[in-house]
$ cat run-v1.txt   # compact mmCIF, C-alpha atoms and all ligand atoms
# COMPACT_ATOMS: atom_id res chain seq x y z
CA MET Q 1 138.56 62.59 51.75
CA ARG Q 2 141.99 61.24 50.88
CA GLN Q 3 142.36 58.58 48.25
CA ALA Q 4 144.58 55.55 47.88
CA ILE Q 5 143.88 53.58 44.80
CA ASP Q 6 146.02 50.72 43.55
CA SER Q 7 146.04 48.19 40.77
CA ASN Q 8 143.35 46.03 42.41
CA ARG Q 9 140.84 48.69 41.46
CA GLU Q 10 139.45 46.90 38.42
CA THR Q 11 138.82 43.74 40.38
CA LEU Q 12 137.11 45.71 43.09
CA PHE Q 13 134.82 47.38 40.63
CA PHE Q 14 133.86 44.07 39.20
CA HIS Q 15 132.88 42.74 42.61
CA LEU Q 16 131.06 45.90 43.45
CA GLU Q 17 129.03 45.89 40.27
CA ASP Q 18 128.13 42.31 41.05
CA SER Q 19 126.91 43.21 44.47
CA LEU Q 20 125.01 46.24 43.26
CA MET Q 21 122.77 44.11 41.14
CA ILE Q 22 122.02 41.87 44.08
CA GLY Q 23 121.73 44.57 46.67
CA GLU Q 24 119.46 47.27 45.20
CA LEU Q 25 122.15 49.79 45.77
CA ILE Q 26 122.43 52.71 43.41
CA PRO Q 27 125.68 54.63 43.58
CA LYS Q 28 125.59 58.18 42.22
CA THR Q 29 129.15 59.16 42.85
CA GLU Q 30 132.07 56.95 43.54
CA LYS Q 31 134.14 59.05 45.89
CA SER Q 32 137.03 56.80 46.61
CA ILE Q 33 138.23 53.28 46.90
CA LEU Q 34 140.89 52.71 49.46
CA VAL Q 35 143.26 49.83 49.32
CA SER Q 36 146.16 48.64 51.40
CA ASN Q 37 148.25 45.69 50.31
CA LYS Q 38 146.07 43.31 52.33
CA VAL Q 39 142.70 44.94 52.79
CA TYR Q 40 140.32 47.11 50.92
CA PHE Q 41 137.06 48.87 51.32
CA CYS Q 42 134.88 50.98 49.12
CA TYR Q 43 133.48 54.37 49.73
CA LEU Q 44 130.44 55.43 47.80
CA ASP Q 45 128.57 58.67 48.18
CA GLY Q 46 125.05 59.74 47.27
CA ILE Q 47 123.67 56.26 47.53
CA VAL Q 48 119.98 55.51 47.31
CA LEU Q 49 119.23 52.77 49.77
CA ASN Q 50 116.27 50.60 49.10
CA ASN Q 51 115.72 48.12 51.93
CA LEU Q 52 119.40 47.43 51.75
CA LYS Q 53 120.69 45.12 54.43
CA ASP Q 54 123.70 46.15 56.50
CA ILE Q 55 125.53 43.04 55.58
CA PHE Q 56 125.19 40.58 52.77
CA LEU Q 57 127.09 37.78 51.10
CA ILE Q 58 128.03 37.59 47.46
CA ASN Q 59 129.80 34.35 46.62
CA ASN Q 60 132.61 34.29 49.13
CA LEU Q 61 132.58 38.01 49.74
CA ILE Q 62 130.98 39.94 52.56
CA LEU Q 63 129.78 43.46 51.95
CA THR Q 64 129.23 45.36 55.19
CA ARG Q 65 127.79 48.82 55.54
CA TYR Q 66 129.27 51.14 58.08
CA LEU Q 67 128.50 54.75 59.02
CA ASP Q 68 125.70 54.51 56.43
CA ARG Q 69 127.86 55.25 53.41
CA PHE Q 70 130.98 53.13 53.70
CA TYR Q 71 131.11 49.63 52.34
CA PHE Q 72 133.66 47.09 53.49
CA LEU Q 73 134.20 44.31 51.05
CA PHE Q 74 136.24 41.34 52.13
CA SER Q 75 136.53 37.63 51.71
CA THR Q 76 134.83 35.19 54.10
CA GLU Q 77 138.03 33.20 53.88
CA ARG Q 78 139.90 36.04 55.51
CA LEU Q 79 137.67 37.11 58.36
CA GLU Q 80 140.74 37.49 60.55
CA ILE Q 81 141.68 40.66 58.69
CA LYS Q 82 138.52 42.48 59.78
CA GLN Q 83 140.36 44.36 62.51
CA GLU Q 84 142.94 45.41 59.95
CA ILE Q 85 140.18 46.80 57.75
CA ILE Q 86 138.77 48.69 60.71
CA ASP Q 87 142.20 50.06 61.63
CA VAL Q 88 142.87 51.24 58.07
CA PHE Q 89 139.37 52.67 57.88
CA PHE Q 90 139.70 54.77 61.04
CA GLU Q 91 143.14 56.02 60.09
CA ILE Q 92 141.71 57.31 56.83
CA ILE Q 93 138.51 58.84 58.12
CA ALA Q 94 139.78 60.08 61.52
CA LEU Q 95 140.11 63.72 60.45
CA ASP Q 96 136.60 63.68 58.94
CA TYR Q 97 135.02 61.56 61.67
CA ASP Q 98 133.08 64.33 63.46
CA GLU Q 99 131.55 65.43 60.17
CA LEU Q 100 130.60 61.91 59.18
CA ILE Q 101 128.73 61.05 62.35
CA ASP Q 102 125.91 62.66 64.27
CA VAL Q 103 128.05 64.10 67.06
CA GLU Q 104 125.07 64.90 69.31
CA ARG Q 105 123.94 61.31 69.12
CA ASN Q 106 127.32 59.95 70.25
CA ILE Q 107 127.51 62.55 73.02
CA SER Q 108 124.07 61.51 74.27
CA ASN Q 109 125.24 57.89 74.28
CA ILE Q 110 128.39 58.76 76.24
CA ASN Q 111 126.28 60.77 78.68
CA PHE Q 112 123.97 57.79 79.17
CA LEU Q 113 126.90 55.40 79.72
CA LEU Q 114 128.47 57.76 82.25
CA ASN Q 115 125.18 58.09 84.12
CA ILE Q 116 124.95 54.30 84.41
CA ILE Q 117 128.48 54.22 85.82
CA ILE Q 118 127.88 57.02 88.31
CA LYS Q 119 124.68 55.38 89.55
CA ASP Q 120 126.28 51.94 89.67
CA GLN Q 121 129.35 53.00 91.54
CA ASN Q 122 127.25 55.08 93.94
CA SER Q 123 130.40 56.97 94.69
CA PHE Q 124 130.75 60.20 96.59
CA GLY Q 125 134.48 60.03 96.00
CA SER Q 126 136.09 60.58 92.63
CA LEU Q 127 135.77 58.16 89.74
CA ARG Q 128 138.48 57.18 87.32
CA ILE Q 129 137.03 55.96 84.05
CA LEU Q 130 138.56 54.58 80.85
CA ASP Q 131 136.91 55.60 77.56
CA TYR Q 132 137.69 52.50 75.47
CA GLY Q 133 137.83 53.42 71.76
CA CYS Q 134 137.61 57.13 72.56
CA GLY Q 135 137.68 58.25 68.90
CA THR Q 136 138.01 62.03 68.65
CA GLY Q 137 137.54 62.50 72.39
CA LEU Q 138 133.88 63.49 72.60
CA SER Q 139 133.84 62.39 76.25
CA GLN Q 140 136.17 65.27 77.15
CA GLN Q 141 133.24 67.58 77.85
CA PHE Q 142 132.13 65.37 80.77
CA VAL Q 143 135.46 65.62 82.61
CA ARG Q 144 135.01 67.51 85.86
CA ASN Q 145 136.16 67.50 89.44
CA GLY Q 146 135.57 63.99 90.72
CA LEU Q 147 135.12 62.52 87.23
CA GLU Q 148 138.41 61.67 85.57
CA ILE Q 149 138.15 60.23 82.05
CA ILE Q 150 141.12 58.72 80.26
CA GLY Q 151 140.82 57.90 76.58
CA TYR Q 152 142.25 54.84 74.87
CA ASP Q 153 142.13 54.17 71.14
CA ARG Q 154 143.96 51.85 68.74
CA CYS Q 155 144.19 54.59 66.13
CA PRO Q 156 147.07 57.08 66.60
CA ILE Q 157 145.25 59.85 64.67
CA MET Q 158 142.17 59.43 66.86
CA ARG Q 159 144.38 59.63 69.96
CA ASN Q 160 145.92 62.79 68.62
CA LEU Q 161 142.53 64.38 67.96
CA SER Q 162 141.35 63.44 71.45
CA GLU Q 163 144.42 65.03 72.96
CA ARG Q 164 143.82 68.19 70.99
CA ARG Q 165 140.32 68.27 72.44
CA GLY Q 166 141.90 68.19 75.88
CA LEU Q 167 141.26 64.55 76.79
CA GLN Q 168 143.98 62.67 78.63
CA VAL Q 169 144.89 59.80 76.30
CA ILE Q 170 146.84 56.55 76.52
CA ASP Q 171 148.11 54.07 73.95
CA ASP Q 172 148.72 50.31 74.28
CA GLU Q 173 152.14 50.75 75.79
CA ILE Q 174 150.93 53.03 78.58
CA LEU Q 175 147.85 50.88 79.11
CA MET Q 176 150.09 47.88 79.83
CA GLN Q 177 152.07 49.87 82.38
CA ILE Q 178 149.05 51.07 84.34
CA LYS Q 179 148.65 49.35 87.70
CA ASP Q 180 145.99 46.61 87.80
CA GLY Q 181 142.72 47.69 89.40
CA SER Q 182 143.26 51.37 88.56
CA PHE Q 183 139.89 52.09 86.94
CA ASP Q 184 136.47 52.20 88.61
CA ALA Q 185 134.78 51.64 85.26
CA VAL Q 186 135.34 51.36 81.52
CA PHE Q 187 132.88 52.38 78.83
CA ALA Q 188 132.82 51.75 75.10
CA SER Q 189 130.62 54.06 73.04
CA TYR Q 190 129.92 52.79 69.53
CA VAL Q 191 132.87 50.41 69.63
CA PHE Q 192 131.55 46.89 70.28
CA HIS Q 193 129.65 46.70 67.00
CA LEU Q 194 133.04 46.78 65.26
CA PHE Q 195 134.59 44.09 67.29
CA SER Q 196 136.33 41.19 65.72
CA ASN Q 197 139.16 40.60 68.11
CA THR Q 198 139.23 40.47 71.85
CA ASN Q 199 143.02 40.74 72.04
CA ASN Q 200 143.42 43.48 74.56
CA LEU Q 201 140.16 43.09 76.48
CA CYS Q 202 142.02 40.95 79.02
CA THR Q 203 144.51 43.74 79.64
CA VAL Q 204 141.74 46.31 80.04
CA TRP Q 205 139.83 43.95 82.34
CA ASN Q 206 142.91 43.64 84.58
CA LYS Q 207 143.03 47.41 84.93
CA LEU Q 208 139.47 47.42 86.25
CA LYS Q 209 139.06 47.27 90.04
CA PRO Q 210 137.06 44.43 91.64
CA LYS Q 211 133.32 45.33 91.51
CA GLY Q 212 134.11 47.74 88.70
CA ILE Q 213 132.04 47.60 85.48
CA PHE Q 214 132.79 47.63 81.78
CA ILE Q 215 129.77 48.83 79.82
CA GLY Q 216 128.94 49.59 76.24
CA ASN Q 217 126.21 49.85 73.62
CA PHE Q 218 125.78 47.27 70.86
CA HIS Q 219 124.61 49.31 67.91
CA LYS Q 220 122.03 47.40 65.85
CA GLY Q 221 122.79 44.38 68.06
CA LYS Q 222 126.12 43.89 66.30
CA GLY Q 223 129.15 42.45 68.10
CA ILE Q 224 126.98 40.78 70.72
CA ASN Q 225 129.20 37.69 70.70
CA VAL Q 226 131.69 39.61 72.83
CA VAL Q 227 129.23 39.11 75.71
CA ASP Q 228 130.25 35.43 75.81
CA PHE Q 229 133.88 36.42 76.04
CA PHE Q 230 133.21 38.62 79.09
CA ARG Q 231 131.10 35.90 80.71
CA ASN Q 232 133.14 32.81 79.91
CA GLU Q 233 136.74 33.97 79.59
CA LEU Q 234 136.80 36.95 81.92
CA LYS Q 235 134.21 35.54 84.35
CA GLY Q 236 132.35 38.83 84.41
CA GLU Q 237 128.79 39.09 85.69
CA VAL Q 238 126.62 40.15 82.76
CA ILE Q 239 124.16 43.01 83.37
CA ILE Q 240 121.50 43.91 80.80
CA TYR Q 241 120.20 47.48 80.91
CA LYS Q 242 116.61 47.68 79.81
CA SER Q 243 116.69 51.30 78.74
CA VAL Q 244 114.17 51.01 75.93
CA ASP Q 245 114.25 54.59 74.66
CA TYR Q 246 117.99 54.79 74.44
CA SER Q 247 118.31 51.26 73.07
CA LYS Q 248 116.12 52.17 70.12
CA ILE Q 249 118.69 54.74 69.08
CA HIS Q 250 121.99 53.33 70.25
CA GLY Q 251 121.38 49.59 70.49
CA GLU Q 252 121.30 47.32 73.51
CA TYR Q 253 123.36 48.15 76.58
CA PHE Q 254 125.33 45.48 78.39
CA GLY Q 255 127.56 45.77 81.42
CA PHE Q 256 130.12 43.31 82.79
CA ARG Q 257 130.99 43.39 86.45
CA LYS Q 258 134.33 42.19 87.69
CA LYS Q 259 134.05 39.85 90.67
C1 LIG Q 301 132.78 54.53 65.92
S1 LIG Q 301 134.21 55.07 66.73
C2 LIG Q 301 133.55 55.58 68.28
C3 LIG Q 301 134.36 56.71 68.89
C4 LIG Q 301 133.78 57.30 70.17
N1 LIG Q 301 133.73 56.31 71.22
C5 LIG Q 301 132.42 57.89 69.91
O1 LIG Q 301 131.44 57.47 70.56
O2 LIG Q 301 132.34 58.81 69.08
C6 LIG Q 301 135.05 53.58 67.13
C7 LIG Q 301 136.45 53.77 67.69
O3 LIG Q 301 136.92 52.50 68.18
C8 LIG Q 301 138.27 52.32 67.80
N2 LIG Q 301 138.49 50.87 67.69
C9 LIG Q 301 138.35 50.08 66.61
N3 LIG Q 301 138.64 48.79 66.90
C10 LIG Q 301 138.94 48.77 68.21
C11 LIG Q 301 139.33 47.73 69.11
N4 LIG Q 301 139.46 46.47 68.73
N5 LIG Q 301 139.58 48.09 70.38
C12 LIG Q 301 139.45 49.37 70.78
N6 LIG Q 301 139.10 50.39 69.98
C13 LIG Q 301 138.86 50.09 68.71
C14 LIG Q 301 138.43 53.07 66.50
O4 LIG Q 301 139.76 53.46 66.26
C15 LIG Q 301 137.47 54.26 66.69
O5 LIG Q 301 138.13 55.40 67.17
$ encode --input "run-v1.txt" --output "structure tokens" --more "lines below"
Ligand SMILES: C[S@@+](CC[C@H](N)C(=O)[O-])C[C@H]1O[C@@H](n2cnc3c(N)ncnc32)[C@H](O)[C@@H]1O
Amino acid sequence: MRQAIDSNRETLFFHLEDSLMIGELIPKTEKSILVSNKVYFCYLDGIVLNNLKDIFLINNLILTRYLDRFYFLFSTERLEIKQEIIDVFFEIIALDYDELIDVERNISNINFLLNIIIKDQNSFGSLRILDYGCGTGLSQQFVRNGLEIIGYDRCPIMRNLSERRGLQVIDDEILMQIKDGSFDAVFASYVFHLFSNTNNLCTVWNKLKPKGIFIGNFHKGKGINVVDFFRNELKGEVIIYKSVDYSKIHGEYFGFRKK
């Protein structure tokens, strides 16, 4: 794990100690604290968790747990920088991502999402699908004749790793150039729970064909407010998938159909 520590370190420690007392959180090893000039998050390893909530407030600070062992600490007055924190976070952990997650679990989620799409589109022809927030390209193994998957991710290192895995990958610039209505479906595996901005959802929605669907899981029910955006701003028809077994592991599944 790479480190980037700057002069804000002392302040960060102070806040963290504060929160530890409140949060029943016992750090054994402080691995790294990563700071950019605007955002910061803390990485602790070997933590004993004792009924610790995923998110809690300390004065005007929010401490959010992510991937079980990462803690984002940021001010409630600066919620708009959440995407920046996420971007910095993924740039730093990209190379370690597959070791930090349960790869099989994400693959099973992607498999489930693809099965929904295949059933929904009831297509005997070929399907062209966008993997929105493709990460390290775990969806590559599902590419086959008649099932084209194209990865998109905000993070350049993630895109690079996906490409190395053999997934066809696009960035924002290429996404913009793609003809409207080009995709039969879009899926987002373990992405919506991170969501703070809906900036490019409109662009992605335009690339979806009429009657196409955009589906994703909402891990631990987080990010569910994006459903309103699909319904109200994009005028999508909201579909709830009642897949109890899978939902217990991956969170609720929602789909949005383009009219
Ligand atoms: C938890 S990973 C999931 C990766 C992959 N889909 C999987 O299931 O393993 C989340 C990914 O979403 C990307 N991401 C973060 N914010 C995003 C946003 N606003 N729009 C699209 N992708 C985003 C991150 O760069 C990261 O690669």
$ atom_distance --input "run-v1.txt" --atom1 "atom C12 of ligand LIG 301 (chain Q)" --atom2 "CA of Leu175 in chain Q"
11.9 Å
$ residues_around --input "run-v1.txt" --residues "Lys258 in chain Q" --least-positions-apart "5" --cutoff "6 Å" --atoms "only C-alpha atoms" --output "PyMOL selection string"
chain Q and resi 210-212+236
$ atom_distance --input "run-v1.txt" --atom1 "CA of Gly255 in chain Q" --atom2 "CA of Gly216 in chain Q"
6.6 Å
$ atom_distance --input "run-v1.txt" --atom1 "atom C11 of ligand LIG 301 (chain Q)" --atom2 "CA of Arg65 in chain Q"
17.8 Å
$ closest_residue --input "run-v1.txt" --among "Q:Ile239, Q:Leu194, Q:Val244, Q:Leu130" --to "Gly223 in chain Q" --atoms "only C-alpha atoms"
Q:Leu194
$ closest_atom_pairs --input "run-v1.txt" --of "chain Q" --to "ligand LIG 301 (chain Q)" --cutoff "6 Å" --atoms "all atoms listed in the file" --output "Markdown table"
| residue | atom | partner | partner_atom | distance |
| --- | --- | --- | --- | --- |
| Q:Phe90 | CA | Q:LIG301 | O4 | 5.4 |
| Q:Asn106 | CA | Q:LIG301 | O1 | 4.8 |
| Q:Tyr132 | CA | Q:LIG301 | C12 | 5.9 |
| Q:Gly133 | CA | Q:LIG301 | N6 | 3.7 |
| Q:Cys134 | CA | Q:LIG301 | N1 | 4.2 |
| Q:Gly135 | CA | Q:LIG301 | O5 | 3.4 |
| Q:Asp153 | CA | Q:LIG301 | N6 | 5.0 |
| Q:Arg154 | CA | Q:LIG301 | O4 | 5.1 |
| Q:Cys155 | CA | Q:LIG301 | O4 | 4.6 |
| Q:Met158 | CA | Q:LIG301 | O5 | 5.7 |
| Q:Ser189 | CA | Q:LIG301 | N1 | 4.2 |
| Q:Tyr190 | CA | Q:LIG301 | C2 | 4.7 |
| Q:Val191 | CA | Q:LIG301 | C6 | 4.6 |
| Q:Phe195 | CA | Q:LIG301 | N4 | 5.6 |
| Q:Asn197 | CA | Q:LIG301 | N4 | 5.9 |
$ residues_around --input "run-v1.txt" --residues "range 148-152 of chain Q" --least-positions-apart "4" --cutoff "9 Å" --atoms "only C-alpha atoms" --output "ChimeraX atom specification"
/Q:126-135,137,139-140,142-144,159,162-163,167-172,175
$ closest_residue --input "run-v1.txt" --among "Q:Ala188, Q:Ile157, Q:Ile240, Q:Ile110" --to "Leu138 in chain Q" --atoms "all atoms listed in the file"
Q:Ile110
$ residues_around --input "run-v1.txt" --residues "Asn206 in chain Q" --least-positions-apart "4" --cutoff "12 Å" --atoms "all atoms listed in the file" --output "PDB file with C-alpha atoms, in the coordinates of the input"
ATOM      1  CA  LEU Q 175     147.850  50.880  79.110  1.00  0.00           C
ATOM      2  CA  MET Q 176     150.090  47.880  79.830  1.00  0.00           C
ATOM      3  CA  GLN Q 177     152.070  49.870  82.380  1.00  0.00           C
ATOM      4  CA  ILE Q 178     149.050  51.070  84.340  1.00  0.00           C
ATOM      5  CA  LYS Q 179     148.650  49.350  87.700  1.00  0.00           C
ATOM      6  CA  ASP Q 180     145.990  46.610  87.800  1.00  0.00           C
ATOM      7  CA  GLY Q 181     142.720  47.690  89.400  1.00  0.00           C
ATOM      8  CA  SER Q 182     143.260  51.370  88.560  1.00  0.00           C
ATOM      9  CA  PHE Q 183     139.890  52.090  86.940  1.00  0.00           C
ATOM     10  CA  ASP Q 184     136.470  52.200  88.610  1.00  0.00           C
ATOM     11  CA  ALA Q 185     134.780  51.640  85.260  1.00  0.00           C
ATOM     12  CA  VAL Q 186     135.340  51.360  81.520  1.00  0.00           C
ATOM     13  CA  ASN Q 200     143.420  43.480  74.560  1.00  0.00           C
ATOM     14  CA  LEU Q 201     140.160  43.090  76.480  1.00  0.00           C
ATOM     15  CA  CYS Q 202     142.020  40.950  79.020  1.00  0.00           C
ATOM     16  CA  PRO Q 210     137.060  44.430  91.640  1.00  0.00           C
ATOM     17  CA  LYS Q 211     133.320  45.330  91.510  1.00  0.00           C
ATOM     18  CA  GLY Q 212     134.110  47.740  88.700  1.00  0.00           C
ATOM     19  CA  ILE Q 213     132.040  47.600  85.480  1.00  0.00           C
ATOM     20  CA  PHE Q 214     132.790  47.630  81.780  1.00  0.00           C
ATOM     21  CA  LEU Q 234     136.800  36.950  81.920  1.00  0.00           C
ATOM     22  CA  LYS Q 235     134.210  35.540  84.350  1.00  0.00           C
ATOM     23  CA  GLY Q 236     132.350  38.830  84.410  1.00  0.00           C
ATOM     24  CA  LYS Q 258     134.330  42.190  87.690  1.00  0.00           C
ATOM     25  CA  LYS Q 259     134.050  39.850  90.670  1.00  0.00           C
TER      26      LYS Q 259
END
$ closest_residue --input "run-v1.txt" --among "Q:His250, Q:Arg257, Q:Lys207, Q:Lys222" --to "Thr64 in chain Q" --atoms "only C-alpha atoms"
Q:Lys222
$ residues_around --input "run-v1.txt" --residues "Tyr246 in chain Q" --least-positions-apart "5" --cutoff "12 Å" --atoms "all atoms listed in the file" --output "number ranges by chain"
Q: 105-106, 108-113, 217-219, 241, 251-253
$ closest_residue --input "run-v1.txt" --among "Q:Lys119, Q:Phe256, Q:Ile174, Q:Ile101" --to "Arg231 in chain Q" --atoms "only C-alpha atoms"
Q:Phe256
$ closest_residue --input "run-v1.txt" --among "Q:Leu161, Q:Val227, Q:Ile117, Q:Val103" --to "Phe187 in chain Q" --atoms "only C-alpha atoms"
Q:Ile117
$ residues_around --input "run-v1.txt" --residues "Ile93 in chain Q" --least-positions-apart "4" --cutoff "10 Å" --atoms "all atoms listed in the file" --output "list in words"
Met1, Arg2, Val88, Phe89, Tyr97, Asp98, Glu99, Leu100, Ile157 and Met158 of chain Q
$ closest_residue --input "run-v1.txt" --among "Q:His193, Q:Val238, Q:Ile107, Q:Leu114" --to "Ile86 in chain Q" --atoms "only C-alpha atoms"
Q:His193
